[in-house]
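Data block for coords39.txt (compact mmCIF, C-alpha atoms):
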# COMPACT_ATOMS: atom_id res chain seq x y z
CA MET A 2 27.23 -6.71 66.57
CA THR A 3 23.63 -7.09 65.36
CA LYS A 4 20.99 -8.96 67.33
CA ARG A 5 20.89 -11.72 64.73
CA MET A 6 24.62 -12.24 65.18
CA ILE A 7 24.06 -12.61 68.93
CA VAL A 8 21.32 -15.17 68.22
CA ALA A 9 23.65 -17.07 65.86
CA ALA A 10 26.43 -17.13 68.48
CA LEU A 11 24.02 -18.36 71.19
CA ALA A 12 22.61 -21.02 68.84
CA LEU A 13 26.14 -22.22 68.04
CA ALA A 14 26.85 -22.61 71.76
CA GLY A 15 23.53 -24.48 72.05
CA ILE A 16 24.57 -26.81 69.21
CA PHE A 17 27.66 -27.90 71.17
CA ILE A 18 25.72 -28.42 74.42
CA SER A 19 23.00 -30.48 72.74
CA LEU A 20 25.60 -32.39 70.71
CA TYR A 21 27.38 -33.30 73.95
CA LEU A 22 24.11 -34.45 75.57
CA THR A 23 23.12 -36.42 72.44
CA LEU A 24 26.48 -38.22 72.30
CA TYR A 25 26.23 -38.83 76.04
CA LYS A 26 22.73 -40.25 75.66
CA LEU A 27 23.97 -42.55 72.88
CA GLY A 28 26.83 -43.68 75.13
CA VAL A 29 29.52 -42.36 72.76
CA ILE A 30 30.88 -39.88 75.30
CA GLY A 31 31.37 -40.89 78.90
CA GLU A 32 29.63 -43.81 80.52
CA LEU A 33 25.92 -43.80 80.71
CA THR A 34 24.88 -44.77 84.20
CA CYS A 35 21.73 -44.40 86.25
CA SER A 36 22.46 -42.13 89.13
CA ILE A 37 20.90 -40.95 92.40
CA GLY A 38 21.20 -37.33 91.24
CA SER A 39 22.53 -35.16 88.39
CA CYS A 40 22.43 -35.19 84.62
CA GLU A 41 22.52 -38.98 84.43
CA THR A 42 19.20 -39.25 86.25
CA VAL A 43 17.61 -36.79 83.84
CA ASN A 44 19.25 -38.28 80.74
CA THR A 45 18.21 -41.84 81.57
CA SER A 46 14.67 -41.01 82.68
CA LYS A 47 11.62 -41.88 80.58
CA TRP A 48 11.29 -38.22 79.60
CA SER A 49 14.70 -38.14 77.94
CA THR A 50 13.19 -39.31 74.65
CA PHE A 51 10.49 -37.53 72.65
CA LEU A 52 8.86 -39.03 69.56
CA HIS A 53 11.44 -41.84 69.45
CA LEU A 54 14.39 -39.40 69.45
CA PRO A 55 16.53 -38.33 72.42
CA VAL A 56 15.38 -34.90 73.68
CA ALA A 57 18.99 -33.74 73.25
CA ALA A 58 18.81 -34.66 69.54
CA TRP A 59 15.68 -32.51 69.19
CA GLY A 60 17.70 -29.73 70.82
CA LEU A 61 20.48 -30.27 68.29
CA LEU A 62 18.02 -29.97 65.38
CA PHE A 63 16.42 -26.89 66.96
CA TYR A 64 19.71 -25.05 67.54
CA SER A 65 20.98 -25.97 64.05
CA GLU A 66 17.84 -24.53 62.49
CA VAL A 67 18.05 -21.32 64.57
CA PHE A 68 21.76 -21.02 63.72
CA VAL A 69 21.15 -21.34 59.97
CA ILE A 70 18.22 -18.88 59.97
CA SER A 71 20.04 -16.27 62.08
CA LEU A 72 23.23 -16.66 60.01
CA LEU A 73 21.26 -16.13 56.79
CA GLY A 74 19.65 -13.12 58.49
CA THR A 75 23.07 -11.49 58.92
CA MET A 76 23.81 -11.67 55.19
CA PRO A 77 23.34 -8.38 53.25
CA ARG A 78 20.64 -9.99 51.11
CA PHE A 79 18.44 -10.86 54.10
CA GLU A 80 19.49 -8.38 56.78
CA ASN A 81 16.42 -6.22 56.19
CA GLU A 82 14.10 -9.18 55.74
CA PRO A 83 11.47 -9.10 58.54
CA LEU A 84 10.50 -12.73 57.86
CA VAL A 85 13.82 -13.80 59.43
CA SER A 86 12.90 -11.97 62.66
CA ILE A 87 9.42 -13.50 62.66
CA LEU A 88 10.82 -17.01 62.12
CA LEU A 89 13.37 -16.55 64.91
CA VAL A 90 10.73 -15.37 67.40
CA ALA A 91 8.41 -18.25 66.46
CA ASP A 92 11.22 -20.82 66.76
CA ALA A 93 12.52 -19.42 70.04
CA GLY A 94 8.97 -19.27 71.43
CA ILE A 95 8.48 -22.99 70.75
CA GLY A 96 11.94 -23.66 72.21
CA VAL A 97 11.15 -21.76 75.40
CA LEU A 98 7.84 -23.59 75.89
CA PHE A 99 9.54 -26.98 75.37
CA SER A 100 12.37 -26.02 77.75
CA ALA A 101 9.87 -24.81 80.36
CA TRP A 102 8.10 -28.18 80.19
CA LEU A 103 11.42 -30.05 80.54
CA THR A 104 12.49 -27.87 83.48
CA TYR A 105 9.12 -28.51 85.15
CA LEU A 106 9.68 -32.27 84.70
CA GLU A 107 13.16 -31.99 86.20
CA LEU A 108 11.95 -30.08 89.26
CA ALA A 109 8.55 -31.65 89.91
CA VAL A 110 8.70 -35.17 88.48
CA ILE A 111 12.27 -36.44 88.09
CA HIS A 112 13.51 -34.46 91.12
CA ALA A 113 16.94 -33.99 89.59
CA ILE A 114 18.55 -31.03 87.88
CA CYS A 115 20.84 -31.36 84.88
CA ILE A 116 23.11 -28.33 84.67
CA TRP A 117 23.47 -28.65 80.89
CA CYS A 118 19.69 -28.74 80.47
CA VAL A 119 19.37 -25.60 82.62
CA THR A 120 22.12 -23.89 80.59
CA SER A 121 20.30 -24.82 77.39
CA ALA A 122 17.02 -23.42 78.79
CA ALA A 123 18.79 -20.15 79.65
CA ILE A 124 20.23 -19.94 76.11
CA VAL A 125 16.80 -20.51 74.52
CA LEU A 126 15.27 -17.83 76.76
CA THR A 127 18.03 -15.35 75.82
CA ILE A 128 17.53 -16.19 72.12
CA LEU A 129 13.82 -15.41 72.50
CA VAL A 130 14.48 -12.06 74.24
CA VAL A 131 17.07 -11.00 71.61
CA SER A 132 14.82 -12.19 68.75
CA ILE A 133 11.88 -10.17 70.09
CA ALA A 134 14.16 -7.10 70.29
CA ASP A 135 15.28 -7.81 66.70
CA LEU A 136 11.67 -8.16 65.53
CA SER A 137 10.55 -4.89 67.19
CA GLU A 138 13.61 -3.15 65.69
CA SER A 139 12.82 -4.40 62.19
CA ARG A 140 9.15 -3.39 62.66
CA ALA A 141 10.24 0.12 63.71
CA GLU A 142 12.52 0.34 60.65
CA GLU A 143 9.67 -0.83 58.44
CA ILE A 144 7.37 1.91 59.86
CA ASP A 145 10.14 4.53 59.43
CA ASN A 146 10.66 3.48 55.83
CA THR A 147 6.93 3.57 55.11
CA GLU A 148 6.59 7.05 56.63
CA ALA A 149 9.68 8.27 54.78
CA GLY A 150 8.19 6.91 51.54
CA ARG A 151 4.89 8.68 52.25
CA SER A 152 6.58 12.01 53.00
CA GLU A 153 8.64 11.67 49.81
CA LEU A 154 5.45 11.06 47.86
CA ARG A 155 3.79 14.09 49.52
CA SER A 156 6.74 16.35 48.67
CA MET B 1 55.93 1.98 48.81
CA PRO B 2 55.69 5.80 49.00
CA PRO B 3 52.61 7.22 50.68
CA THR B 4 49.93 8.53 48.37
CA ASN B 5 49.29 12.20 48.15
CA ASP B 6 45.55 11.74 48.41
CA ARG B 7 44.08 14.00 51.05
CA PRO B 8 40.49 14.17 52.23
CA SER B 9 40.19 17.56 50.67
CA ASP B 10 41.08 16.06 47.28
CA ARG B 11 38.17 13.63 47.36
CA ASN B 12 34.49 13.70 47.75
CA VAL B 13 34.32 13.46 51.60
CA PRO B 14 31.38 11.40 52.82
CA ARG B 15 29.12 12.51 55.67
CA LYS B 16 30.35 11.77 59.23
CA SER B 17 27.50 9.33 59.99
CA ALA B 18 28.09 7.45 56.75
CA VAL B 19 31.77 6.99 57.68
CA ARG B 20 30.78 5.59 61.07
CA GLU B 21 28.30 3.24 59.44
CA ALA B 22 30.90 2.06 56.96
CA ARG B 23 33.42 1.44 59.76
CA ASN B 24 30.88 -0.49 61.83
CA ALA B 25 29.82 -2.50 58.83
CA SER B 26 33.38 -3.63 58.19
CA SER B 27 34.23 -4.37 61.84
CA ARG B 28 31.00 -6.18 62.76
CA PRO B 29 31.43 -9.27 60.57
CA LYS B 30 35.04 -9.57 61.71
CA ALA B 31 34.13 -9.52 65.43
CA PHE B 32 31.23 -11.87 64.70
CA LEU B 33 33.45 -14.35 62.87
CA TRP B 34 35.99 -14.21 65.70
CA LEU B 35 33.21 -14.96 68.19
CA LEU B 36 31.91 -17.90 66.15
CA GLY B 37 35.46 -19.19 65.75
CA ALA B 38 36.05 -18.97 69.49
CA ILE B 39 32.81 -20.86 70.25
CA VAL B 40 33.69 -23.60 67.74
CA LEU B 41 37.22 -23.86 69.17
CA VAL B 42 36.01 -24.15 72.78
CA GLY B 43 33.21 -26.56 71.81
CA VAL B 44 35.43 -28.87 69.75
CA ALA B 45 38.17 -28.83 72.44
CA ALA B 46 35.65 -29.67 75.19
CA LEU B 47 34.03 -32.48 73.16
CA SER B 48 37.43 -33.91 72.20
CA TYR B 49 38.47 -33.89 75.85
CA VAL B 50 35.41 -35.78 77.07
CA ALA B 51 35.51 -38.16 74.08
CA THR B 52 39.13 -39.15 74.66
CA LYS B 53 38.87 -39.38 78.46
CA PRO B 54 39.54 -43.03 79.36
CA LYS B 55 36.36 -44.92 80.16
CA GLY B 56 36.23 -46.61 83.56
CA GLY B 57 39.78 -45.45 84.13
CA ALA B 58 41.52 -43.79 87.03
CA THR B 59 39.30 -40.69 86.96
CA ASP B 60 36.21 -42.73 87.80
CA VAL B 61 37.82 -44.69 90.59
CA ILE B 62 37.50 -43.93 94.26
CA GLN B 63 38.91 -45.79 97.24
CA THR B 64 36.47 -47.82 99.27
CA ALA B 65 36.27 -50.62 101.86
CA ASP B 66 37.69 -54.05 101.05
CA THR B 67 35.35 -56.52 99.30
CA THR B 68 35.91 -59.17 101.94
CA ASN B 69 33.88 -57.14 104.43
CA ALA B 70 30.43 -57.44 102.86
CA GLY B 71 28.47 -56.94 106.13
CA PRO B 72 24.90 -58.16 106.61
CA ALA B 73 23.93 -57.65 102.97
CA GLN B 74 23.48 -60.80 100.91
CA GLY B 75 24.20 -60.70 97.20
CA TYR B 76 23.77 -63.35 94.51
CA PRO B 77 27.09 -64.99 93.65
CA MET B 78 28.27 -66.58 90.41
CA GLY B 79 31.55 -68.37 89.80
CA LYS B 80 34.10 -70.19 91.89
CA PRO B 81 33.89 -69.15 95.56
CA ASP B 82 37.71 -69.30 95.87
CA ALA B 83 38.42 -67.23 92.73
CA PRO B 84 41.34 -64.84 93.32
CA VAL B 85 39.36 -61.72 92.38
CA LYS B 86 35.92 -60.82 93.67
CA ILE B 87 33.66 -58.52 91.67
CA LEU B 88 30.73 -56.92 93.46
CA GLU B 89 28.10 -55.49 91.12
CA PHE B 90 25.55 -52.95 92.37
CA ALA B 91 22.75 -52.65 89.83
CA ASP B 92 19.14 -51.71 89.31
CA PHE B 93 16.94 -54.01 87.22
CA GLU B 94 15.17 -51.03 85.64
CA CYS B 95 18.32 -49.04 84.80
CA PRO B 96 18.98 -48.96 81.01
CA ALA B 97 22.76 -48.77 81.54
CA CYS B 98 22.59 -51.91 83.73
CA ALA B 99 20.62 -53.66 80.99
CA GLY B 100 23.32 -52.57 78.56
CA PHE B 101 25.99 -54.15 80.74
CA ALA B 102 23.95 -57.32 81.38
CA THR B 103 23.11 -57.98 77.74
CA VAL B 104 26.20 -56.68 75.91
CA THR B 105 29.24 -56.86 78.20
CA GLU B 106 28.34 -59.48 80.80
CA PRO B 107 28.09 -62.50 78.47
CA ASP B 108 31.80 -62.00 77.64
CA VAL B 109 32.63 -61.42 81.30
CA ARG B 110 30.99 -64.73 82.21
CA THR B 111 32.62 -66.87 79.53
CA ARG B 112 36.09 -65.30 79.68
CA ILE B 113 36.48 -64.22 83.32
CA ILE B 114 33.97 -65.99 85.57
CA GLU B 115 33.89 -69.47 83.99
CA PRO B 116 37.72 -69.85 83.76
CA GLY B 117 37.87 -68.96 87.45
CA LEU B 118 39.74 -65.66 87.12
CA ALA B 119 37.10 -63.97 89.27
CA ASN B 120 33.66 -64.45 90.73
CA ILE B 121 30.84 -61.91 90.62
CA THR B 122 28.16 -61.12 93.19
CA TYR B 123 25.09 -59.12 92.27
CA PHE B 124 23.67 -56.67 94.82
CA ASP B 125 20.36 -54.87 94.42
CA PHE B 126 20.70 -51.10 94.24
CA PRO B 127 17.14 -49.98 93.42
CA LEU B 128 16.90 -46.29 92.52
CA ASN B 129 13.88 -44.20 93.51
CA MET B 130 13.43 -42.99 89.95
CA HIS B 131 12.43 -46.50 88.80
CA ARG B 132 9.05 -47.54 90.14
CA ASN B 133 9.08 -51.25 89.18
CA THR B 134 12.67 -51.98 90.14
CA VAL B 135 12.01 -53.17 93.72
CA ALA B 136 9.32 -55.51 92.40
CA ALA B 137 11.87 -56.84 89.89
CA SER B 138 14.42 -57.36 92.67
CA ASN B 139 11.78 -59.31 94.60
CA ALA B 140 10.98 -61.38 91.52
CA ALA B 141 14.66 -62.22 91.04
CA ALA B 142 15.18 -63.00 94.75
CA CYS B 143 12.19 -65.36 94.73
CA ALA B 144 13.62 -67.13 91.68
CA GLY B 145 16.95 -67.24 93.53
CA GLU B 146 15.25 -69.15 96.34
CA GLN B 147 14.87 -71.98 93.82
CA GLY B 148 18.40 -71.58 92.49
CA LYS B 149 17.32 -69.59 89.42
CA PHE B 150 18.44 -66.07 90.27
CA TRP B 151 20.75 -65.70 87.27
CA PRO B 152 18.33 -67.00 84.60
CA MET B 153 15.71 -64.63 86.04
CA HIS B 154 18.29 -61.80 86.18
CA ASP B 155 19.06 -62.30 82.48
CA ARG B 156 15.39 -62.53 81.52
CA LEU B 157 14.54 -59.31 83.41
CA PHE B 158 17.31 -57.34 81.73
CA GLN B 159 16.60 -58.78 78.26
CA SER B 160 12.97 -57.63 78.39
CA GLN B 161 13.37 -54.51 80.53
CA ASP B 162 11.45 -52.36 78.06
CA GLU B 163 8.24 -54.40 78.41
CA TRP B 164 7.92 -54.32 82.22
CA ASN B 165 9.65 -51.08 83.27
CA GLY B 166 7.85 -48.11 84.81
CA GLU B 167 7.38 -46.49 81.43
CA ALA B 168 5.64 -49.55 80.00
CA THR B 169 3.37 -50.72 82.81
CA ASP B 170 2.03 -50.12 86.30
CA SER B 171 1.61 -53.84 86.99
CA PRO B 172 4.72 -55.79 86.04
CA LYS B 173 3.77 -59.02 87.83
CA PRO B 174 2.31 -60.86 84.78
CA PHE B 175 5.63 -60.29 82.95
CA PHE B 176 7.68 -61.49 85.92
CA LYS B 177 5.47 -64.55 86.23
CA ARG B 178 6.10 -65.42 82.59
CA TYR B 179 9.87 -64.94 83.02
CA ALA B 180 9.78 -67.13 86.15
CA GLN B 181 8.07 -69.86 84.15
CA GLU B 182 10.60 -69.52 81.32
CA SER B 183 13.44 -69.62 83.85
CA GLY B 184 12.22 -73.02 85.06
CA VAL B 185 11.04 -72.17 88.56
CA ASP B 186 8.04 -73.61 90.39
CA VAL B 187 5.64 -70.76 89.60
CA ALA B 188 3.22 -71.40 92.50
CA LYS B 189 6.04 -71.21 95.04
CA TRP B 190 7.55 -68.22 93.27
CA GLU B 191 4.20 -66.40 93.30
CA SER B 192 3.58 -66.86 97.03
CA CYS B 193 7.12 -65.63 97.70
CA TYR B 194 6.67 -62.64 95.36
CA ASP B 195 3.26 -61.67 96.79
CA ALA B 196 4.63 -61.82 100.35
CA ARG B 197 7.58 -59.62 99.35
CA LYS B 198 9.68 -62.12 101.22
CA TYR B 199 13.03 -60.59 100.30
CA GLN B 200 12.18 -56.94 100.80
CA LYS B 201 14.56 -56.67 103.78
CA ARG B 202 17.39 -58.32 101.87
CA ILE B 203 16.95 -55.84 99.00
CA GLY B 204 17.10 -52.96 101.50
CA ALA B 205 20.22 -54.41 103.10
CA ASN B 206 21.89 -54.72 99.68
CA LEU B 207 21.03 -51.11 98.89
CA ALA B 208 22.37 -49.97 102.29
CA GLU B 209 25.58 -51.90 101.60
CA GLY B 210 26.00 -50.06 98.32
CA LEU B 211 25.39 -46.68 99.93
CA ARG B 212 27.86 -47.54 102.70
CA ARG B 213 30.47 -48.27 100.04
CA GLY B 214 29.89 -44.95 98.25
CA VAL B 215 27.80 -46.25 95.35
CA ASN B 216 25.60 -43.49 93.90
CA SER B 217 24.97 -44.69 90.36
CA THR B 218 24.28 -47.95 88.59
CA PRO B 219 25.87 -50.10 87.47
CA SER B 220 28.79 -49.76 89.89
CA PHE B 221 31.44 -52.37 90.49
CA ILE B 222 33.78 -52.95 93.39
CA ILE B 223 36.82 -54.91 92.30
CA GLY B 224 39.60 -55.32 94.83
CA ASN B 225 39.31 -52.21 96.96
CA LYS B 226 38.19 -49.81 94.26
CA LEU B 227 34.80 -48.60 93.11
CA TYR B 228 34.18 -48.28 89.36
CA ARG B 229 31.18 -46.31 88.19
CA GLY B 230 29.86 -47.87 84.99
CA MET B 231 31.65 -50.45 82.88
CA GLY B 232 31.53 -49.79 79.17
CA ALA B 233 33.52 -52.63 77.71
CA TYR B 234 34.68 -56.15 78.50
CA ASP B 235 38.31 -55.10 77.94
CA ALA B 236 38.10 -52.52 80.75
CA MET B 237 36.87 -55.13 83.24
CA LYS B 238 39.44 -57.70 82.08
CA ALA B 239 42.26 -55.18 82.56
CA ILE B 240 41.06 -54.37 86.09
CA VAL B 241 40.65 -58.06 87.01
CA ASP B 242 44.14 -58.82 85.64
CA SER B 243 45.70 -55.97 87.60
CA VAL B 244 43.96 -56.99 90.85
CA ALA B 245 44.96 -60.63 90.27
CA LYS B 246 48.56 -59.55 89.71
CA THR B 247 48.59 -57.54 92.94
CA THR B 248 47.04 -60.46 94.84
CA SER B 249 49.52 -63.00 93.44
CA SER B 250 52.57 -60.81 94.04
CA SER B 251 51.53 -60.23 97.65
CA SER B 252 50.70 -63.91 98.16
CA VAL B 253 53.18 -65.95 100.25
CA ASN B 254 52.17 -69.50 99.33
CA GLY B 255 51.76 -68.73 95.62
CA ALA B 256 48.40 -70.47 95.25
CA PRO B 257 46.53 -67.53 93.72
CA ALA B 258 49.34 -67.05 91.19
CA ALA B 259 48.18 -70.09 89.22
CA ALA B 260 44.82 -68.49 88.57
CA ALA B 261 46.42 -65.16 87.77
CA LYS B 262 48.51 -66.78 85.04
CA THR B 263 45.41 -67.74 83.06
CA LYS B 264 44.70 -64.76 80.78
Show me the file's structure as structure tokens.
Amino acid sequence: MTKRMIVAALALAGIFISLYLTLYKLGVIGELTCSIGSCETVNTSKWSTFLHLPVAAWGLLFYSEVFVISLLGTMPRFENEPLVSILLVADAGIGVLFSAWLTYLELAVIHAICIWCVTSAAIVLTILVVSIADLSESRAEEIDNTEAGRSELRS
Amino acid sequence: MPPTNDRPSDRNVPRKSAVREARNASSRPKAFLWLLGAIVLVGVAALSYVATKPKGGATDVIQTADTTNAGPAQGYPMGKPDAPVKILEFADFECPACAGFATVTEPDVRTRIIEPGLANITYFDFPLNMHRNTVAASNAAACAGEQGKFWPMHDRLFQSQDEWNGEATDSPKPFFKRYAQESGVDVAKWESCYDARKYQKRIGANLAEGLRRGVNSTPSFIIGNKLYRGMGAYDAMKAIVDSVAKTTSSSSVNGAPAAAAKTK
């Protein structure tokens, strides 16, 4: 399995987690209550919305975008395209920074931990690590190809 | 079908590494598709399960003390004191879910359950630490309650929660003062009561009562001897009230509560 396939699988899992949290935030799934501890505290806090959208909905958009890019990157037409690797690293980097900020808020400000938010943060971090490995692999291939081309020209 | 006579020696045999690459290339997408399929299957099954789980049903119910033993806490009642079913509500004025109940579900509860005398409801403060203006709001409502205007103030606070909550302001008093005026209370009296935090102890006692009864989220309701966390729809509350009324009337000896239970 290629690294982009791993990223696509992780992003798909992230889509379901953020979809669950979005539906929960909208009150479609379960009953939204304000709680002493747990996910409800986090999901009803003032930091659960960002730019007029639930944070979970931003997560849903983010994972969908990563899923589409990584899926395209597994297709024969794009599998050697380094731009896909660059895009994935850039996306995952933004995702990790946003997740780090949210985790800081959970620990230091809201004083409640949402297990789904932590799971999502772990997924984003794994996506970043795998995407960096994919990028360095595609760079190495690019260098190999260039050197092979040069040696062919020399011969 | 008979086996072909093709042998490797008859064909142009590819290099060993190329064969491995070709095998991997054909097996990779298959394993990948299986993995994606498995994730989709698990995700859809999990979402379907939580979406179809009954709201406010048996899974969210825990046993607790009887409502008749309210202790030293003092809530804010509405409805006929002798109603056959007593609903205790534990809520936080700054909680969005409580505002949802107060503005969407509660109007129906009042006109179709409380006013006909099927049940009465008593509001208890359950201020959560995460909401910084909620205790001030409880004080504002208690001071309005001193002049018999708790419920108009309660409604006003929940209707405009977004303009005075901790996200919107650090000083909610001017908003509360306006609501007090609109609720028809003597503002000077209300203000001296509010500034003195006259009902701070009562708010603490109400919170302690909720904690004693196992409340850990808002809104929570105790109906009969059961605790319900959250209350999404009017129908859910009506069904619970009906079932408690039925139990009360069937266990009643003189039959008096049965008359109220018949009204549906």
Compile a residue-level contact table for chain A against chain B at a cut-off of 12 Å, reporting for every qualifying residue the shortest atom pair and its distance in Å to one decimal, with all atoms listed in the file counted, rows ordered by chain and ascending number, as a tab-separated table.
residue	atom	partner	partner_atom	distance
A:Met2	CA	B:Arg28	CA	5.4
A:Thr3	CA	B:Arg28	CA	7.9
A:Lys4	CA	B:Phe32	CA	11.0
A:Arg5	CA	B:Phe32	CA	10.3
A:Met6	CA	B:Phe32	CA	6.6
A:Ile7	CA	B:Phe32	CA	8.4
A:Val8	CA	B:Phe32	CA	11.0
A:Ala9	CA	B:Leu36	CA	8.3
A:Ala10	CA	B:Leu36	CA	6.0
A:Leu11	CA	B:Ile39	CA	9.2
A:Ala12	CA	B:Leu36	CA	10.2
A:Leu13	CA	B:Ile39	CA	7.2
A:Ala14	CA	B:Ile39	CA	6.4
A:Gly15	CA	B:Gly43	CA	9.9
A:Ile16	CA	B:Gly43	CA	9.0
A:Phe17	CA	B:Gly43	CA	5.7
A:Ile18	CA	B:Gly43	CA	8.1
A:Ser19	CA	B:Gly43	CA	11.0
A:Leu20	CA	B:Leu47	CA	8.8
A:Tyr21	CA	B:Leu47	CA	6.7
A:Leu22	CA	B:Leu47	CA	10.4
A:Thr23	CA	B:Leu47	CA	11.6
A:Leu24	CA	B:Ala51	CA	9.2
A:Tyr25	CA	B:Ala51	CA	9.5
A:Lys26	CA	B:Ala97	CA	10.4
A:Leu27	CA	B:Ala97	CA	10.7
A:Gly28	CA	B:Gly232	CA	8.7
A:Val29	CA	B:Ala51	CA	7.4
A:Ile30	CA	B:Ala51	CA	5.1
A:Gly31	CA	B:Lys55	CA	6.5
A:Glu32	CA	B:Gly230	CA	6.0
A:Leu33	CA	B:Ala97	CA	5.9
A:Thr34	CA	B:Ala97	CA	5.3
A:Cys35	CA	B:Thr218	CA	5.0
A:Ser36	CA	B:Ser217	CA	3.8
A:Ile37	CA	B:Asn216	CA	5.5
A:Gly38	CA	B:Asn216	CA	8.0
A:Ser39	CA	B:Ser217	CA	10.0
A:Cys40	CA	B:Ser217	CA	11.4
A:Glu41	CA	B:Ser217	CA	8.6
A:Thr42	CA	B:Met130	CA	7.8
A:Val43	CA	B:Met130	CA	9.7
A:Asn44	CA	B:Pro96	CA	10.7
A:Thr45	CA	B:Pro96	CA	7.2
A:Ser46	CA	B:Met130	CA	7.6
A:Lys47	CA	B:Glu167	CA	6.3
A:Trp48	CA	B:Glu167	CA	9.3
A:Ser49	CA	B:Glu167	CA	11.6
A:Thr50	CA	B:Glu167	CA	11.5
A:Phe68	CA	B:Leu36	CA	10.9
A:Leu72	CA	B:Phe32	CA	10.4
A:Thr75	CA	B:Pro29	CA	8.8
A:Met76	CA	B:Pro29	CA	9.6
A:Pro77	CA	B:Ala25	CA	10.4
A:Glu107	CA	B:Met130	CA	11.6
A:Val110	CA	B:Met130	CA	9.3
A:Ile111	CA	B:Met130	CA	6.9
A:His112	CA	B:Met130	CA	8.6
A:Ala113	CA	B:Met130	CA	9.7
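Reported to one decimal place, the separation of CA of Ile222 (chain B) from CA of Ile87 (chain B) is 5.8 Å.
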Can you tell me, as a PyMOL selection string, what residues are no more than 7 Å from Ile128 (chain A) when counting all atoms listed in the file, ignoring any on the same chain fewer than 3 positions away?
chain A and resi 8+11+93+124-125+131-132
For Ala122 (chain A), work out the shell of residues within 9 Å, counting all atoms listed in the file and skipping chain neighbours fewer than 5 positions away, then give it as a list of chain:residue names.
A:Gly96, A:Val97, A:Phe99, A:Ser100, A:Ala101, A:Leu103, A:Thr104, A:Trp117, A:Thr127
Measure the distance from CA of Ala205 (chain B) to CA of Gln159 (chain B) in Å and round it to one decimal.
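CA of Ala205 (chain B) sits 25.5 Å away from CA of Gln159 (chain B).
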Using all atoms listed in the file, which protein or nucleic acid residues come within 10 Å of Ser160 (chain B)? Drop anything in the same chain fewer than 5 positions from it, and give the result as a list in words.
Ala99, Asp155, Asn165, Phe175, Phe176 and Tyr179 of chain B
Would you mind exporting C-alpha atoms of the selected residues as a PDB file, keeping the file's coordinate frame?
ATOM      1  CA  ALA B  99      20.620 -53.660  80.990  1.00  0.00           C
ATOM      2  CA  ASP B 155      19.060 -62.300  82.480  1.00  0.00           C
ATOM      3  CA  ASN B 165       9.650 -51.080  83.270  1.00  0.00           C
ATOM      4  CA  PHE B 175       5.630 -60.290  82.950  1.00  0.00           C
ATOM      5  CA  PHE B 176       7.680 -61.490  85.920  1.00  0.00           C
ATOM      6  CA  TYR B 179       9.870 -64.940  83.020  1.00  0.00           C
TER       7      TYR B 179
END
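Picture a line from CA of Leu62 (chain A) to CA of Ile95 (chain A); it runs 13.0 Å.
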Select, from B:Asn206, B:Val187, B:Val104, B:Ala144, the residue with the minimum atom-to-atom distance to Thr122 (chain B), counting only C-alpha atoms.
B:Asn206
Just the residues within 10 Å of Gly75 (chain B), please, counting only C-alpha atoms, with nothing from its chain fewer than 2 positions along; format it as a VMD selection string.
chain B and resid 70 72 to 73 77 to 78 88 to 90 121 to 125 142 202 to 203 205 to 206 209
Determine, counting all atoms listed in the file, which protein, DNA and RNA residues have an atom within 7 Å of an atom of region 133-141 of chain A; residues of the same chain fewer than 2 positions away are not included. Present the result as a ChimeraX atom specification.
/A:4,83,86-87,90,129-131,143-145
